[in-house]
Amino acid sequence: MEPRKDLFTPAALAVSAVFFALFLFYPLGYAAANAVAVEGRVTADFFRLLASNPVMAESILNSFLIGACVTLLSLVLGYVFAWFMARFAFSGKALWGTLLMAPMVLPPFVGAIGVRQVFGRYGMVNSLLINAGLIDPRAPVAWLSEPFWGVVILETLHLFPIVYLNISGSFALTDPSLEEAARGLGARGVRLFRSITFPLLLPGVFAGCAIVFIWAFTDLGTPLIFEYRTVVPVQIFNMVTQQAENPAGYALVMVVLAATFLLFVAGRLLYGGKRYESAGAGRAGVSPRRLSPPARLAVHAAFALVLALALLPHFSVIMVSLSRGWFLSVLPERFTLDHFRGVFIHPLSFLSVRNSVFLSFMSAGLDVALGGTIAFLLARKRFPGKEVLDALTMLPLAIPGVVLAFGYVGCFSGTALDPRADPFPLLVMSYAVRRLPLVVRAVYAGLIQVDLSLEEAAAGLGAPPRAVLRTVTAPLVLTNVVGGGVLAFAFAMLEVSDSLILAMEERFYPVTKAIYVMLGRLTDGHNIASAMGVMGMALLIAALALSGKLLGKRMGEMFRT
């Protein structure tokens with residue numbers, strides 16, 4: 001009897017190829033073609049126009065500076081925290097490790113709303129200083145007069161946990177006895193760090209810094225809230241409606257794509273598939289050192305200070321959402337829950353919540369179906385090009401939402417998927433593309449933990465492959481599937497760039513686009529926008545908690561490259 005032919009693998013590969021080709025490579029290729037070609041002639045004119053335009057040149061420089069500053073500050077914070085967590089034992093260590101993830105539950109786009117209130121000319125900080133007699137009430141401090149640093153600080157406080165997670169992963173794979181041996185040979189301080197510690201941590205350092213740079217370099221929402229217009233994402237956002245008349249927008253998109261893609265490729269070439277660990281890999285019997293009481297107190301104080309600063313945007317957004325009449329006072333004059341009720345009463349906010357729930361549910365469902373299939377192929381099948389599929393699955397981590405959304409508007413205009421007519425299909429696809437790696441990693445982590453002997457035993461008893469998958473494999477990885485799906489849903493609810501660009505009519509606005517529009521409305525617009533942000537934060541906290549419970553220690557890998 002001839003063995004049954006495997007039809008699943010080629011069919012699944014074909015579906016995956018169509019998905020990536022149509023909703024990832026086609027819009028990027030379309031943008032690239034329009035950036036370098038005019039009437040069938042290859043040209044670099046649009047890039048020269050960017051270089052000669054003072055506003056565009058300044059925007060490119062500012063975005064690179066934001067990315068570099070946020071990355072450097074995040075690296076310092078992430079490394080220091082990871083080093084203390086890996087090398088020392090102190091009370092409350094597990095709690096601090098959990099709290100370090102807290103800054104990630106509120107997008108800086110939303111946090112900027114509260115920061116404007118706290119650091120405004122007559123906000124909380126200046127009111128506190130005026131009451132203390134430290135500044136003249138007629139000349140309050142203009143804390144936000146330099147929006148560049150406002151963007152940098154807010155994004156750093158949001159993103160440094162990503163560097164912390166990646167470096168912590170590298171610490172877990174290194175052998176502390178190597179440092180002990182180097183000390184025994186006379187290496188100390190900078191020499192020890194340069195020759196032993198840092199090379200072992202390079203994969204985690206590069207991975208975390210690459211994600212942070214891409215995120216900061218392409219963040220659209222935070223500069224918009226701070227009204228910092230001379231950055232690349234905002235310029236691309238302004239050019240969405242001018243694509244036909246001004247192809248320079250495509251050239252700007254290619255600048256962003258080239259920078260992010262080079263980082264992704266460099267990471268895959270330098271560290272992809274390699275494991276920088278010793279044979280002991282953290283199990284060499286070198287116990288974390290215990291801190292003296294004064295040192296322990298200093299560590300707790302440092303952790304508390306940084307987290308207090310990182311959580312200030314969260315606190316301020318909550319205060320704005322609960323306030324009624326907050327002007328020239330340290331705290332709101334009155335507190336109210338009316339703004340939360342307003343989310344479900346105001347036509348725009350209620351419609352946007354309903355839209356986002358639908359869009360996020362559809363995109364998460366697509367991610368679970370396609371991501372689960374890809375994870376199964378990677379974990380259980382052998383086929384040519386397996387490494388290519390693995391790389392393609394992680395590629396969306398390097399594709400900024402602003403680039404993908406701009407490409408969608410250009411390549412699908414005038415088709416059945418034209419976002420000007422109905423952006424819902426493309427919003428679902430863009431959310432799904434961006435969150436696919438989360439689901440693939442979650443399901444793959446579950447599959448490699450499943451004992452293959454269970455599947456082999458079921459097959460040996462005569463169960464066909466489909467029955468083995470349904471009755472044995474699927475139940476064992478269900479928690480991973482649910483965990484990845486929950487994360488995909490929650491992050492899609494708070495997606496910023498895709499929503500701001502693709503949703504052009506009010507009836508199609510998702511939550512983040514409604515928040516941006518509500519900020520421009522008088523009376524209680526910023527209060528309702530803050531209430532929507534708080535609800536989104538609560539949703540993401542619940543999603544992270546549920547996913548953490550389902551995925552366990554594998555949870556941290558969702559945020560590592």
# chains A, B, ... in the order shown; residues from 1 in each chain; ligands from 1

$ residues_around --residues "region 426-431 of chain A" --least-positions-apart "3" --cutoff "7 Å" --atoms "only C-alpha atoms" --output "VMD selection string"
chain A and resid 23 359 362 to 363 417 419 423 434 to 435 492 498 502

$ write_last_selection --atoms "C-alpha atoms" --output "PDB file, in the first residue's frame"
ATOM      1  CA  PHE A  23      -0.602  41.948   1.583  1.00  0.00           C
ATOM      2  CA  LEU A 359     -11.663  44.549  13.165  1.00  0.00           C
ATOM      3  CA  MET A 362     -11.389  39.353  12.509  1.00  0.00           C
ATOM      4  CA  SER A 363      -7.640  40.012  12.335  1.00  0.00           C
ATOM      5  CA  LEU A 417     -10.176  46.959  -1.732  1.00  0.00           C
ATOM      6  CA  PRO A 419      -9.652  52.087   1.475  1.00  0.00           C
ATOM      7  CA  PRO A 423     -11.027  50.424   4.667  1.00  0.00           C
ATOM      8  CA  ARG A 434       1.657  43.106  11.870  1.00  0.00           C
ATOM      9  CA  ARG A 435       0.567  40.680  14.647  1.00  0.00           C
ATOM     10  CA  ALA A 492      -4.823  45.270  17.170  1.00  0.00           C
ATOM     11  CA  ASP A 498      -2.563  51.703  10.193  1.00  0.00           C
ATOM     12  CA  LEU A 502      -6.401  53.815   6.317  1.00  0.00           C
TER      13      LEU A 502
END

$ closest_atom_pairs --of "region 207-253 of chain A" --to "region 27-31 of chain A" --cutoff "8 Å" --atoms "only C-alpha atoms" --output "tab-separated table"
residue	atom	partner	partner_atom	distance
A:Tyr250	CA	A:Ala31	CA	5.3
A:Ala251	CA	A:Ala31	CA	7.8
A:Val253	CA	A:Ala31	CA	7.3

$ atom_distance --atom1 "CA of Phe81 (chain A)" --atom2 "CA of Val125 (chain A)"
27.9 Å

$ residues_around --residues "region 230-245 of chain A" --least-positions-apart "5" --cutoff "6 Å" --atoms "only C-alpha atoms" --output "list of chain:residue names"
A:Ser59, A:Ile60, A:Asn62, A:Ser63, A:Thr218, A:Leu220

$ atom_distance --atom1 "CA of Gly385 (chain A)" --atom2 "CA of Pro425 (chain A)"
29.5 Å

$ select_by_dssp --residues "region 294-496 of chain A" --states "strand (DSSP E)" --output "count of residues only"
4

$ residues_around --residues "Thr393 (chain A)" --least-positions-apart "3" --cutoff "12 Å" --atoms "only C-alpha atoms" --output "ChimeraX atom specification"
/A:16-17,19-20,24,367,370-375,377-378,386-390,396-399,432-441,444,561

$ write_last_selection --atoms "C-alpha atoms" --output "JSON list (two decimals), in the first residue's frame"
[["chain", "number", "residue", "atom", "x", "y", "z"],
["A", 16, "SER", "CA", 0.87, 31.50, 3.03],
["A", 17, "ALA", "CA", 2.67, 32.57, -0.15],
["A", 19, "PHE", "CA", -1.04, 36.07, 1.79],
["A", 20, "PHE", "CA", 2.53, 37.39, 2.00],
["A", 24, "LEU", "CA", 3.10, 42.37, 2.31],
["A", 367, "ASP", "CA", -3.75, 35.29, 12.68],
["A", 370, "LEU", "CA", -2.70, 31.31, 9.38],
["A", 371, "GLY", "CA", -0.21, 31.63, 12.23],
["A", 372, "GLY", "CA", -1.19, 28.27, 13.68],
["A", 373, "THR", "CA", -0.75, 26.67, 10.28],
["A", 374, "ILE", "CA", 2.68, 28.24, 9.74],
["A", 375, "ALA", "CA", 3.80, 27.24, 13.23],
["A", 377, "LEU", "CA", 4.66, 23.62, 9.29],
["A", 378, "LEU", "CA", 7.79, 24.95, 11.00],
["A", 386, "LYS", "CA", 11.69, 26.18, 5.56],
["A", 387, "GLU", "CA", 14.19, 28.82, 6.65],
["A", 388, "VAL", "CA", 12.68, 31.26, 4.14],
["A", 389, "LEU", "CA", 9.21, 30.78, 5.60],
["A", 390, "ASP", "CA", 10.58, 31.30, 9.09],
["A", 396, "PRO", "CA", 6.51, 42.02, 9.73],
["A", 397, "LEU", "CA", 8.43, 42.92, 12.89],
["A", 398, "ALA", "CA", 10.62, 45.09, 10.64],
["A", 399, "ILE", "CA", 7.78, 46.58, 8.56],
["A", 432, "ALA", "CA", -3.14, 40.57, 10.82],
["A", 433, "VAL", "CA", 0.18, 41.05, 9.02],
["A", 434, "ARG", "CA", 1.66, 43.11, 11.87],
["A", 435, "ARG", "CA", 0.57, 40.68, 14.65],
["A", 436, "LEU", "CA", 1.18, 37.39, 12.85],
["A", 437, "PRO", "CA", 4.62, 36.84, 14.49],
["A", 438, "LEU", "CA", 3.01, 36.87, 17.96],
["A", 439, "VAL", "CA", 0.70, 33.97, 17.14],
["A", 440, "VAL", "CA", 3.34, 31.99, 15.26],
["A", 441, "ARG", "CA", 5.73, 32.22, 18.20],
["A", 444, "TYR", "CA", 5.37, 27.16, 17.86],
["A", 561, "THR", "CA", 13.38, 39.02, 18.02]]
